[in-house]
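Participant: Okay, so here is run_27.cif, and as you'll see once you scroll down, it has mmCIF, C-alpha atoms and all ligand atoms.
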```cif
data_final
loop_
_atom_site.label_atom_id
_atom_site.label_comp_id
_atom_site.auth_asym_id
_atom_site.auth_seq_id
_atom_site.Cartn_x
_atom_site.Cartn_y
_atom_site.Cartn_z
CA MET L 16 104.19 85.21 83.25
CA ASN L 17 105.04 86.35 86.80
CA SER L 18 108.62 86.03 88.01
CA ILE L 19 109.43 83.07 90.24
CA ARG L 20 109.83 85.48 93.17
CA GLU L 21 106.37 86.93 92.54
CA ASP L 22 104.97 83.39 92.46
CA ALA L 23 106.63 82.54 95.79
CA LEU L 24 105.36 85.72 97.46
CA TYR L 25 101.85 85.17 96.09
CA ILE L 26 101.72 81.55 97.34
CA SER L 27 102.92 82.54 100.82
CA LYS L 28 100.44 85.43 101.07
CA GLU L 29 97.44 83.30 100.04
CA SER L 30 98.50 80.47 102.38
CA ILE L 31 98.65 82.75 105.42
CA LYS L 32 95.32 84.34 104.46
CA ALA L 33 93.67 80.91 104.87
CA VAL L 34 94.63 80.74 108.57
CA LEU L 35 93.82 84.31 109.58
CA PRO L 36 91.73 84.18 112.77
CA GLU L 37 88.59 85.68 111.26
CA ASN L 38 88.45 83.33 108.28
CA ALA L 39 89.27 80.29 110.41
CA VAL L 40 86.65 81.03 113.09
CA ILE L 41 83.85 81.99 110.69
CA SER L 42 84.24 78.86 108.59
CA ALA L 43 84.50 76.65 111.71
CA LEU L 44 81.22 78.03 113.12
CA GLU L 45 79.29 77.56 109.89
CA GLY L 46 76.28 75.31 110.56
CA VAL L 47 77.16 74.70 114.22
CA GLU L 48 74.07 74.67 116.46
CA PHE L 49 74.19 75.70 120.14
CA GLU L 50 71.36 74.68 122.49
CA GLY L 51 71.64 76.72 125.72
CA ASP L 52 73.72 79.68 126.83
CA ILE L 53 77.08 80.37 125.15
CA VAL L 54 79.88 81.87 127.24
CA LEU L 55 82.94 82.86 125.20
CA VAL L 56 86.49 82.58 126.54
CA ALA L 57 89.30 83.53 124.14
CA ILE L 58 93.00 83.24 125.05
CA GLY L 59 96.26 83.81 123.16
CA LYS L 60 97.86 86.27 120.75
CA ALA L 61 94.99 85.87 118.24
CA ALA L 62 92.27 85.96 120.94
CA TRP L 63 90.87 89.41 120.13
CA ARG L 64 90.41 88.71 116.40
CA MET L 65 89.02 85.23 117.02
CA ALA L 66 86.54 86.61 119.57
CA ALA L 67 85.44 89.47 117.31
CA ALA L 68 84.76 87.01 114.49
CA ALA L 69 82.81 84.68 116.80
CA LYS L 70 80.75 87.59 118.18
CA GLU L 71 80.02 88.81 114.64
CA THR L 72 78.87 85.31 113.67
CA LEU L 73 76.87 84.37 116.76
CA GLY L 74 75.78 87.82 117.98
CA ASP L 75 73.60 87.79 121.10
CA LYS L 76 73.68 84.00 121.30
CA ILE L 77 76.93 84.73 123.14
CA SER L 78 75.59 85.98 126.47
CA ARG L 79 78.92 87.04 127.97
CA GLY L 80 82.63 86.37 127.72
CA VAL L 81 86.26 87.20 128.39
CA VAL L 82 89.09 87.86 125.94
CA ILE L 83 92.66 87.60 127.26
CA THR L 84 95.45 88.62 124.91
CA LYS L 85 99.01 89.96 124.92
CA TYR L 86 99.70 93.68 125.57
CA GLN L 87 99.15 95.76 122.40
CA HIS L 88 97.18 92.91 120.80
CA SER L 89 93.64 94.01 121.64
CA LEU L 90 91.96 96.22 119.04
CA GLY L 91 89.41 97.87 121.36
CA GLU L 92 86.04 96.94 122.81
CA ILE L 93 83.94 94.00 121.62
CA GLU L 94 80.28 94.45 122.50
CA GLY L 95 79.20 92.18 125.34
CA LEU L 96 82.71 90.86 126.03
CA GLU L 97 85.32 91.85 128.61
CA VAL L 98 88.73 92.42 126.96
CA TYR L 99 91.93 92.05 129.03
CA GLU L 100 95.62 92.29 128.15
CA ALA L 101 98.28 90.45 130.15
CA GLY L 102 101.92 89.38 130.18
CA HIS L 103 103.56 87.22 127.49
CA PRO L 104 105.81 85.23 127.36
CA VAL L 105 105.97 85.65 131.16
CA PRO L 106 102.59 85.77 132.97
CA ASP L 107 101.79 88.67 135.32
CA GLU L 108 99.16 89.86 137.79
CA ASN L 109 96.80 90.72 134.93
CA THR L 110 96.99 87.11 133.75
CA LEU L 111 95.65 85.93 137.11
CA LYS L 112 92.97 88.65 137.37
CA ALA L 113 91.63 88.08 133.86
CA THR L 114 91.57 84.30 134.33
CA GLU L 115 89.70 84.63 137.63
CA ARG L 116 87.13 86.70 135.75
CA ALA L 117 86.80 83.97 133.10
CA ILE L 118 86.38 81.30 135.78
CA LYS L 119 83.67 83.38 137.46
CA LEU L 120 81.74 83.70 134.20
CA VAL L 121 81.69 79.94 133.60
CA LYS L 122 80.53 79.01 137.09
CA ASP L 123 77.10 77.36 137.58
CA LEU L 124 76.50 76.50 133.94
CA THR L 125 74.16 73.60 133.12
CA GLU L 126 74.80 70.60 130.85
CA LYS L 127 72.83 72.46 128.14
CA ASP L 128 75.29 75.39 128.11
CA THR L 129 78.46 75.77 126.08
CA VAL L 130 81.77 77.48 126.73
CA LEU L 131 83.04 78.57 123.30
CA PHE L 132 86.78 78.36 123.95
CA LEU L 133 88.99 80.14 121.37
CA VAL L 134 92.61 79.09 121.78
CA SER L 135 95.74 80.46 120.10
CA GLY L 136 99.49 80.53 120.70
CA GLY L 137 100.68 82.45 123.73
CA GLY L 138 97.74 81.16 125.76
CA SER L 139 99.88 79.52 128.43
CA ALA L 140 101.20 82.83 129.74
CA LEU L 141 97.85 84.61 129.35
CA PHE L 142 95.49 82.11 131.01
CA GLU L 143 96.45 80.97 134.49
CA SER L 144 94.98 80.13 137.87
CA LEU L 145 97.61 78.69 140.18
CA ARG L 146 97.33 75.62 142.37
CA GLU L 147 97.28 76.27 146.15
CA GLY L 148 100.81 76.93 147.34
CA VAL L 149 102.15 78.25 144.04
CA THR L 150 102.80 82.01 143.96
CA LEU L 151 102.97 84.26 140.91
CA ASP L 152 106.64 84.88 141.72
CA ASP L 153 107.23 81.10 141.61
CA LEU L 154 105.57 80.88 138.21
CA MET L 155 107.35 83.90 136.73
CA ASP L 156 110.71 82.64 137.93
CA ILE L 157 110.14 79.08 136.66
CA THR L 158 108.82 80.38 133.31
CA GLN L 159 111.89 82.57 132.82
CA GLN L 160 114.24 79.71 133.72
CA LEU L 161 112.44 77.35 131.32
CA LEU L 162 112.42 79.87 128.44
CA LYS L 163 116.17 80.33 128.78
CA SER L 164 116.93 76.65 129.36
CA GLY L 165 116.56 75.42 125.77
CA ALA L 166 113.58 73.26 126.75
CA ASN L 167 111.06 72.89 123.92
CA ILE L 168 107.47 74.09 124.28
CA VAL L 169 106.13 70.58 124.99
CA GLU L 170 108.59 70.23 127.90
CA ILE L 171 107.91 73.76 129.18
CA ASN L 172 104.18 73.12 129.18
CA MET L 173 104.52 69.78 131.00
CA VAL L 174 105.82 71.75 133.98
CA ARG L 175 103.32 74.60 133.67
CA LYS L 176 100.39 72.13 133.50
CA HIS L 177 101.37 70.63 136.85
CA LEU L 178 101.43 74.00 138.63
CA SER L 179 98.05 75.12 137.34
CA LYS L 180 94.34 74.71 138.11
CA VAL L 181 93.31 75.47 134.52
CA LYS L 182 96.02 73.99 132.30
CA GLY L 183 96.15 70.34 131.22
CA GLY L 184 92.35 69.93 131.11
CA GLY L 185 91.73 71.69 134.41
CA PHE L 186 89.57 74.38 132.85
CA ALA L 187 87.25 71.84 131.18
CA ARG L 188 86.88 70.05 134.52
CA LEU L 189 85.99 73.38 136.19
CA VAL L 190 83.28 74.01 133.59
CA GLN L 191 81.54 70.63 133.99
CA PRO L 192 78.68 69.78 133.46
CA ALA L 193 78.65 72.36 130.65
CA ARG L 194 80.31 71.50 127.33
CA VAL L 195 83.53 73.13 126.08
CA PHE L 196 83.63 73.65 122.31
CA SER L 197 87.23 74.60 121.48
CA LEU L 198 88.46 76.20 118.25
CA VAL L 199 92.25 76.06 118.15
CA LEU L 200 94.89 77.88 116.10
CA SER L 201 97.87 75.55 116.51
CA ASP L 202 101.37 76.96 117.03
CA VAL L 203 102.81 73.62 118.21
CA LEU L 204 104.48 71.37 115.65
CA GLY L 205 102.47 68.17 115.21
CA ASP L 206 99.41 70.00 116.58
CA ARG L 207 99.59 68.36 120.02
CA LEU L 208 96.34 69.63 121.53
CA ASP L 209 97.45 69.06 125.12
CA SER L 210 100.47 71.33 124.49
CA ILE L 211 98.84 74.18 122.55
CA ALA L 212 98.43 76.91 125.19
CA SER L 213 98.99 74.02 127.66
CA GLY L 214 95.67 72.44 126.71
CA PRO L 215 93.25 73.90 129.27
CA ALA L 216 90.36 71.95 127.73
CA TYR L 217 92.11 68.79 126.59
CA PRO L 218 93.11 65.61 128.45
CA ASP L 219 96.76 65.84 129.47
CA SER L 220 99.05 63.15 128.05
CA SER L 221 101.95 64.37 130.21
CA THR L 222 102.53 63.15 133.77
CA SER L 223 103.85 64.62 137.01
CA GLU L 224 106.84 62.29 136.66
CA GLU L 225 107.68 63.78 133.25
CA ALA L 226 107.28 67.31 134.60
CA LEU L 227 109.78 66.54 137.36
CA GLN L 228 112.14 65.01 134.80
CA VAL L 229 112.08 68.29 132.84
CA ILE L 230 112.96 70.17 136.06
CA GLU L 231 115.93 67.83 136.58
CA LYS L 232 117.01 67.74 132.91
CA TYR L 233 117.35 71.54 132.67
CA GLY L 234 118.42 72.19 136.26
CA ILE L 235 115.39 74.37 137.01
CA ARG L 236 115.64 75.71 140.59
CA ILE L 237 112.32 75.38 142.49
CA ARG L 238 111.23 75.61 146.14
CA GLU L 239 111.03 72.12 147.73
CA GLU L 240 107.29 72.58 148.50
CA LEU L 241 106.56 72.87 144.78
CA ARG L 242 107.70 69.27 144.16
CA ASN L 243 104.66 67.92 146.04
CA ILE L 244 102.39 70.28 144.14
CA LEU L 245 103.89 69.08 140.83
CA MET L 246 103.03 65.50 141.91
CA VAL L 247 99.27 66.17 141.73
CA GLU L 248 98.12 64.65 138.43
CA THR L 249 96.17 66.47 135.69
CA PRO L 250 92.97 65.04 134.11
CA LYS L 251 93.70 62.19 131.70
CA SER L 252 90.17 61.99 130.30
CA LEU L 253 87.31 64.48 129.88
CA ASN L 254 83.68 63.83 128.86
CA ASN L 255 82.61 67.39 128.08
CA VAL L 256 84.99 68.66 125.41
CA GLU L 257 84.82 68.93 121.61
CA THR L 258 87.94 70.32 119.89
CA LYS L 259 88.58 71.53 116.33
CA ILE L 260 91.94 72.66 114.97
CA ILE L 261 90.96 75.54 112.69
CA GLY L 262 94.41 76.72 111.68
CA SER L 263 97.84 75.11 111.64
CA VAL L 264 101.02 74.99 109.64
CA SER L 265 99.66 71.82 107.98
CA ARG L 266 96.72 73.87 106.69
CA VAL L 267 99.16 76.56 105.48
CA CYS L 268 101.10 73.90 103.54
CA GLU L 269 97.88 72.46 102.06
CA VAL L 270 96.86 75.87 100.73
CA ALA L 271 100.40 76.52 99.47
CA THR L 272 100.12 73.24 97.54
CA GLU L 273 96.77 74.27 96.02
CA LYS L 274 98.06 77.70 94.98
CA ALA L 275 101.32 76.32 93.54
CA LYS L 276 99.36 73.74 91.51
CA GLU L 277 97.12 76.51 90.15
CA LEU L 278 100.29 78.22 88.93
CA GLY L 279 101.38 75.03 87.15
CA TYR L 280 103.99 73.76 89.63
CA ASN L 281 104.47 70.10 90.51
CA THR L 282 104.27 70.06 94.30
CA MET L 283 105.56 68.13 97.31
CA ILE L 284 105.08 68.80 101.03
CA LEU L 285 108.42 67.66 102.45
CA THR L 286 107.46 68.07 106.13
CA THR L 287 105.21 70.13 108.42
CA THR L 288 107.39 69.63 111.52
CA LEU L 289 110.79 71.04 110.49
CA ASP L 290 112.68 71.85 113.71
CA CYS L 291 116.43 71.90 112.98
CA GLU L 292 118.95 74.78 112.98
CA ALA L 293 117.82 77.49 110.55
CA ARG L 294 121.20 77.55 108.82
CA GLU L 295 121.18 73.78 108.24
CA ALA L 296 117.66 73.95 106.81
CA GLY L 297 118.78 76.67 104.39
CA ALA L 298 121.75 74.66 103.18
CA PHE L 299 119.57 71.55 102.82
CA LEU L 300 116.96 73.41 100.74
CA ALA L 301 119.74 74.73 98.49
CA ALA L 302 120.99 71.17 97.97
CA ILE L 303 117.49 70.07 96.91
CA ALA L 304 117.35 73.07 94.54
CA ARG L 305 120.60 72.00 92.88
CA GLN L 306 119.35 68.42 92.56
CA ILE L 307 116.13 69.53 90.83
CA TYR L 308 118.02 72.06 88.68
CA GLU L 309 120.48 69.45 87.39
CA TYR L 310 118.51 66.17 87.46
CA ASN L 311 114.79 66.98 87.77
CA THR L 312 114.56 64.84 90.93
CA PRO L 313 112.90 64.47 93.47
CA LEU L 314 110.41 66.51 91.40
CA LYS L 315 110.34 67.57 87.73
CA LYS L 316 110.59 71.32 87.01
CA PRO L 317 108.53 73.48 87.30
CA CYS L 318 108.11 72.44 90.93
CA ALA L 319 107.38 73.73 94.42
CA ILE L 320 108.82 72.05 97.49
CA ILE L 321 106.76 73.09 100.56
CA LEU L 322 107.76 72.81 104.22
CA GLY L 323 106.25 73.89 107.53
CA GLY L 324 107.83 74.06 110.96
CA GLU L 325 109.84 76.20 113.30
CA THR L 326 113.64 76.16 112.98
CA VAL L 327 115.97 77.39 115.70
CA VAL L 328 118.90 79.79 115.86
CA HIS L 329 121.48 79.77 118.65
CA VAL L 330 122.32 83.46 118.47
CA LYS L 331 126.00 84.22 119.08
CA GLY L 332 126.44 87.41 117.06
CA THR L 333 125.32 90.95 117.70
CA GLY L 334 123.34 91.33 114.49
CA LYS L 335 119.63 91.62 113.80
CA GLY L 336 117.48 88.85 112.39
CA GLY L 337 115.14 85.92 112.90
CA ARG L 338 115.11 82.21 112.09
CA ASN L 339 113.35 82.73 108.73
CA GLN L 340 115.69 85.52 107.62
CA GLU L 341 118.72 83.48 108.66
CA LEU L 342 117.40 80.38 106.85
CA ALA L 343 116.83 82.33 103.61
CA LEU L 344 120.24 84.01 103.69
CA SER L 345 122.01 80.73 104.42
CA ALA L 346 120.27 79.16 101.39
CA ALA L 347 121.46 81.91 99.03
CA GLY L 348 125.05 80.64 98.90
CA GLY L 349 123.95 77.20 97.75
CA ILE L 350 121.82 78.45 94.81
CA LYS L 351 124.30 81.09 93.57
CA GLY L 352 124.09 81.46 89.78
CA LEU L 353 121.05 79.18 89.35
CA LYS L 354 118.43 80.75 87.08
CA ASP L 355 114.73 80.59 88.01
CA VAL L 356 115.19 79.32 91.56
CA ALA L 357 113.66 81.05 94.61
CA ILE L 358 113.71 80.13 98.30
CA LEU L 359 111.30 81.87 100.70
CA SER L 360 111.00 81.51 104.49
CA ILE L 361 108.33 83.36 106.45
CA GLY L 362 106.88 83.48 109.97
CA THR L 363 103.07 83.28 109.69
CA ASP L 364 102.66 85.78 112.56
CA GLY L 365 104.49 88.40 110.48
CA THR L 366 107.25 89.03 113.02
CA ASP L 367 110.43 87.03 112.57
CA GLY L 368 112.69 87.42 115.58
CA PRO L 369 112.92 90.83 117.25
CA THR L 370 112.50 92.57 113.87
CA ASP L 371 109.76 94.17 111.74
CA ALA L 372 110.34 91.61 109.01
CA ALA L 373 108.32 88.43 108.51
CA GLY L 374 111.13 86.59 106.74
CA GLY L 375 113.23 86.58 103.58
CA ILE L 376 113.25 85.54 99.92
CA VAL L 377 116.46 84.74 98.00
CA ASP L 378 117.33 83.58 94.48
CA GLY L 379 120.32 82.74 92.30
CA THR L 380 121.37 86.41 92.15
CA THR L 381 121.32 87.21 95.88
CA VAL L 382 125.02 86.53 96.46
CA LYS L 383 125.97 88.52 93.33
CA ARG L 384 123.82 91.48 94.37
CA LEU L 385 125.45 91.51 97.81
CA LYS L 386 128.93 91.31 96.23
CA GLU L 387 128.09 94.25 93.96
CA LYS L 388 127.59 96.26 97.16
CA GLY L 389 130.86 94.97 98.53
CA LEU L 390 129.11 92.82 101.12
CA ASP L 391 130.20 89.34 102.19
CA ILE L 392 127.29 87.01 102.97
CA ASP L 393 129.28 84.90 105.45
CA ALA L 394 130.17 87.93 107.59
CA PHE L 395 126.45 88.67 107.99
CA LEU L 396 125.62 85.03 108.76
CA ASN L 397 128.42 84.75 111.31
CA ASN L 398 127.09 87.81 113.10
CA ASN L 399 123.44 86.66 112.97
CA ASP L 400 122.79 89.79 110.92
CA ALA L 401 120.56 88.44 108.14
CA TYR L 402 118.16 91.38 108.48
CA HIS L 403 120.70 93.94 107.30
CA ALA L 404 122.04 91.78 104.45
CA LEU L 405 118.56 91.09 103.07
CA GLN L 406 117.44 94.69 103.65
CA VAL L 407 120.27 96.16 101.56
CA ILE L 408 119.31 94.11 98.49
CA GLY L 409 115.54 94.12 98.92
CA ASP L 410 115.19 90.45 99.88
CA LEU L 411 113.35 91.07 103.20
CA ILE L 412 109.64 90.21 103.37
CA LYS L 413 107.53 92.65 105.45
CA THR L 414 103.85 91.91 106.12
CA GLY L 415 103.33 93.56 109.50
CA PRO L 416 101.74 91.50 112.31
CA THR L 417 99.26 89.18 110.56
CA GLY L 418 97.10 88.36 113.59
CA THR L 419 97.64 84.62 113.16
CA ASN L 420 100.42 82.49 114.62
CA VAL L 421 100.88 79.02 113.15
CA ASN L 422 104.66 78.59 112.85
CA ASP L 423 106.65 79.13 109.64
CA LEU L 424 106.24 78.37 105.92
CA LEU L 425 109.17 77.57 103.61
CA LEU L 426 108.97 77.42 99.80
CA LEU L 427 111.52 76.25 97.23
CA LEU L 428 110.42 77.04 93.65
CA VAL L 429 112.39 75.84 90.60
CA ARG L 430 111.23 76.54 87.05
N1 LIG T 501 119.79 88.22 115.30
C1 LIG T 501 119.09 87.07 115.19
N2 LIG T 501 119.30 86.28 114.12
C2 LIG T 501 118.61 85.12 113.98
N3 LIG T 501 117.67 84.69 114.86
C3 LIG T 501 117.45 85.47 115.94
C4 LIG T 501 118.12 86.69 116.15
N4 LIG T 501 117.64 87.24 117.32
C5 LIG T 501 116.71 86.38 117.80
N5 LIG T 501 116.60 85.32 116.98
C6 LIG T 501 115.73 84.17 117.13
O1 LIG T 501 114.37 84.63 117.13
C7 LIG T 501 113.65 83.80 118.05
C8 LIG T 501 112.40 84.53 118.54
O2 LIG T 501 111.73 84.85 117.33
P1 LIG T 501 110.16 85.04 117.35
O3 LIG T 501 109.84 86.10 118.34
O4 LIG T 501 109.66 85.18 115.96
O5 LIG T 501 109.75 83.63 117.93
P2 LIG T 501 108.30 83.11 117.98
O6 LIG T 501 108.37 81.67 118.21
O7 LIG T 501 107.54 83.59 116.77
O8 LIG T 501 107.78 83.81 119.28
P3 LIG T 501 106.40 84.52 119.30
O9 LIG T 501 105.42 83.41 119.04
O10 LIG T 501 106.32 85.13 120.66
O11 LIG T 501 106.48 85.52 118.17
C9 LIG T 501 114.63 83.52 119.18
O12 LIG T 501 114.30 82.27 119.75
C10 LIG T 501 115.98 83.50 118.49
O13 LIG T 501 116.35 82.16 118.24
O1 LIG T 502 101.19 79.41 124.82
C1 LIG T 502 101.91 78.41 124.58
O2 LIG T 502 102.06 77.46 125.35
C2 LIG T 502 102.63 78.28 123.28
O3 LIG T 502 102.32 79.39 122.43
C3 LIG T 502 102.26 76.97 122.60
O4 LIG T 502 100.89 76.99 122.26
MG MG T 503 107.23 85.43 115.82
#
```
Rewrite the structure from the file as structure tokens, please.
Ligand SMILES: Nc1ncnc2c1ncn2[C@@H]1O[C@H](COP(=O)(O)OP(=O)(O)OP(=O)(O)O)[C@@H](O)[C@H]1O
Ligand SMILES: O=C(O)[C@H](O)CO
Ligand SMILES: [Mg+2]

Facilitator:
Amino acid sequence: MNSIREDALYISKESIKAVLPENAVISALEGVEFEGDIVLVAIGKAAWRMAAAAKETLGDKISRGVVITKYQHSLGEIEGLEVYEAGHPVPDENTLKATERAIKLVKDLTEKDTVLFLVSGGGSALFESLREGVTLDDLMDITQQLLKSGANIVEINMVRKHLSKVKGGGFARLVQPARVFSLVLSDVLGDRLDSIASGPAYPDSSTSEEALQVIEKYGIRIREELRNILMVETPKSLNNVETKIIGSVSRVCEVATEKAKELGYNTMILTTTLDCEAREAGAFLAAIARQIYEYNTPLKKPCAIILGGETVVHVKGTGKGGRNQELALSAAGGIKGLKDVAILSIGTDGTDGPTDAAGGIVDGTTVKRLKEKGLDIDAFLNNNDAYHALQVIGDLIKTGPTGTNVNDLLLLLVR
């Protein structure tokens, strides 16, 4: 029988495989018929791999297209498509140029034609055409202020949608009367389609009023003229869009459940929208582990508690790490000495924080193994240095960039 750590690593690997761009796009296109011309537009960190999979599936049915991804994320040419790289998380000149190209390619389509729109996280910075009166400097400055402000992605995108011609449903309106068929890899908790990449082809549920409230709430400094521009409303309904979420952290948790069951674990998905402090989440998972270990509740052993989400870390130290590494290390203290318990936390994009690790896996011996090397777990946690603590004892998980980007997966296994 595999060790509980091997089980946890296997479940996480198989779950992420299910939401890799290629697999998600190919299965979503199975059996889909297209009548007229297909123009492909792919945006986001997974754009290149989504576009390559679509081109491989549909071949020459795709007459032309544009792929816009983050620097170092394109993997070369794709026959018949124009591939561009641009700035992320802050947009740049290349963002505007590549988007103008995409807009040109979707001009003058008929109601029989389809824009195959492949959307993934990072799309907001990579796909932009600004409203009259908004400059690129305005947008870069406001983006940087918002990223540093502590505003969440839904709030950030409320503002960005009301400065843009393409966000918040603007792109779908531009494409009319042609149809937009969107395949979306969701990196927004709760899969809010009008927030994922700022929803260029989805009716916007946010309002100008709310966008201005975000500006006030976080003290974002903007030129007075931009206030009037923010007051212009985005489309609230669209009659030419069809949207499918083809990958999300919910899907990752579903597959994790299937794989854990195959291995004989009782399973429970606790949440798919975890969004608290990483350290608190770690301590909470450890408390559930102790409860199961002692009392076989809320689930009988052998069991797998599965969570999805995106925790946060307010970095104060000078160490190296990421939210998943910090969550795992903070859980270790609470499961010290427990046999056959493992806690894993991994970023599905394969890069957790500014590190080459995807996350961490700890068990009841982690604290002891650190102590044997004369290392104090709290010192590492207090310095936000989870990377080095986990690295020394072999509890880091390294996958390399996976190509997908659907938030984080957490597993608690007790046998
Ligand atoms: N030393 C550290 N320890 C713990 N967390 C850290 C540390 N340094 C940075 N972080 C956290 O890592 C976060 C960024 O991580 P990451 O790049 O994986 O985010 P992300 O949401 O996946 O972004 P992207 O989608 O662009 O990859 C920061 O918001 C910060 O909270
Ligand atoms: O691009 C964005 O807006 C974020 O990645 C959320 O999708
Ligand atoms: Mg990441």

Participant: Between L:Val377, L:Val328, L:Ile237, L:Ile361, which one has atoms that come closest to ligand MG 503 (chain T), using all atoms listed in the file?

Facilitator: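 That would be L:Ile361, the residue with the smallest distance to ligand MG 503 (chain T).
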
Participant: What does the distance between CA of Asp219 (chain L) and CA of Asn255 (chain L) come to in Å, to one decimal place?

Facilitator: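 Computing it gives 14.3 Å between the two atoms.
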
Participant: May I ask you to write as number ranges by chain all residues lying at most 10 Å from ligand LIG 502 (chain T), with all atoms listed in the file counted?

Facilitator: L: 58-60, 103-104, 134-142, 167-169, 171-173, 175-176, 182, 199-204, 206-214, 420-422

Participant: Work out how far apart CA of Thr129 (chain L) and CA of Val195 (chain L) are and give it in Å to one decimal.

Facilitator: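 CA of Thr129 (chain L) sits 5.7 Å away from CA of Val195 (chain L).
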
Participant: Do a neighbour search on region 301-317 of chain L at 6 Å with only C-alpha atoms, toss out local chain neighbours closer than 4 positions, and write the hits as a count of residues only.

Facilitator: 6

Participant: Can I get the residues of chain L within 7 Å of ligand MG 503 (chain T), each with the closest pair of atoms and their distance in Å to one decimal, using only C-alpha atoms and all ligand atoms, sorted chain first then ascending number, as CSV?

Facilitator:
```
residue,atom,partner,partner_atom,distance
L:Gly362,CA,T:MG503,MG,6.2
L:Asp364,CA,T:MG503,MG,5.6
L:Gly365,CA,T:MG503,MG,6.7
L:Thr366,CA,T:MG503,MG,4.6
L:Asp367,CA,T:MG503,MG,4.8
L:Gly368,CA,T:MG503,MG,5.8
```

Participant: Select, from L:Lys127, L:Lys163, L:Lys251, L:Lys259, the residue with the minimum atom-to-atom distance to ligand LIG 501 (chain T), counting all atoms listed in the file.

Facilitator: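 Closest to ligand LIG 501 (chain T), using all atoms listed in the file: L:Lys163.
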
Participant: Need to verify the contact set: region 268-277 of chain L, 6 Å, all atoms listed in the file, exclusion of same-chain residues closer than 2 positions in sequence. Can you return it as a list in words?

Facilitator: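 Here the qualifying residues turn out to be Ile26, Ser30, Ser265, Arg266, Gly279 and Tyr280 of chain L.
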
Participant: Write out as lines of an AutoDock Vina configuration file an axis-aligned box for region 259-273 of chain L: all of its atoms listed in the file, 5 Å added on each side, centre and edge lengths in Å with one decimal.

Facilitator:
```
center_x = 94.8
center_y = 74.1
center_z = 106.2
size_x = 22.5
size_y = 15.2
size_z = 30.3
```

Participant: Give me, as JSON lines, the closest atom pair and its distance (Å, one decimal) for every residue of chain L within a cut-off of 6 Å of ligand LIG 501 (chain T), counting only C-alpha atoms and all ligand atoms, rows sorted by chain and rising number.

Facilitator:
```
{"residue": "L:Val327", "atom": "CA", "partner": "T:LIG501", "partner_atom": "O13", "distance": 5.4}
{"residue": "L:Val328", "atom": "CA", "partner": "T:LIG501", "partner_atom": "O13", "distance": 4.2}
{"residue": "L:His329", "atom": "CA", "partner": "T:LIG501", "partner_atom": "O13", "distance": 5.7}
{"residue": "L:Val330", "atom": "CA", "partner": "T:LIG501", "partner_atom": "C4", "distance": 5.8}
{"residue": "L:Gly334", "atom": "CA", "partner": "T:LIG501", "partner_atom": "N1", "distance": 4.8}
{"residue": "L:Lys335", "atom": "CA", "partner": "T:LIG501", "partner_atom": "N1", "distance": 3.7}
{"residue": "L:Gly336", "atom": "CA", "partner": "T:LIG501", "partner_atom": "N2", "distance": 3.6}
{"residue": "L:Gly337", "atom": "CA", "partner": "T:LIG501", "partner_atom": "N3", "distance": 3.4}
{"residue": "L:Arg338", "atom": "CA", "partner": "T:LIG501", "partner_atom": "N3", "distance": 4.5}
{"residue": "L:Glu341", "atom": "CA", "partner": "T:LIG501", "partner_atom": "C2", "distance": 5.6}
{"residue": "L:Thr366", "atom": "CA", "partner": "T:LIG501", "partner_atom": "O4", "distance": 5.4}
{"residue": "L:Asp367", "atom": "CA", "partner": "T:LIG501", "partner_atom": "O4", "distance": 3.9}
{"residue": "L:Gly368", "atom": "CA", "partner": "T:LIG501", "partner_atom": "O2", "distance": 3.3}
{"residue": "L:Pro369", "atom": "CA", "partner": "T:LIG501", "partner_atom": "O3", "distance": 5.7}
{"residue": "L:Asn399", "atom": "CA", "partner": "T:LIG501", "partner_atom": "N2", "distance": 4.3}
{"residue": "L:Asp400", "atom": "CA", "partner": "T:LIG501", "partner_atom": "N1", "distance": 5.5}
```

Participant: Given the point (104.5, 73.7, 146.9) in the file's coordinates, find the residues that have an atom at most 12 Å from it, counting only C-alpha atoms, and give them as an MDAnalysis selection string.

Facilitator: chainID L and resid 145:150 153:154 177:179 237:247

Participant: So which one's closest to Ile320 (chain L), L:Val407, L:Leu131, L:Ala23, L:Val264? Using all atoms listed in the file, please.

Facilitator: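 Checking each candidate against Ile320 (chain L), we get L:Ala23 as the closest.
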
Participant: Name all residues at most 12 Å from Val47 (chain L) (count only C-alpha atoms; drop same-chain ones fewer than 3 positions away) and give them as a list of chain:residue names.

Facilitator: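 Listed by chain and then number, they are L:Val40, L:Ile41, L:Ser42, L:Ala43, L:Leu44, L:Glu50, L:Ala69, L:Thr72, L:Leu73, L:Thr129, L:Leu131, L:Phe196.
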
Participant: What is the distance between CA of Ala319 (chain L) and CA of Ala372 (chain L), in Å to one decimal?

Facilitator: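 These atoms are spaced 23.3 Å apart.
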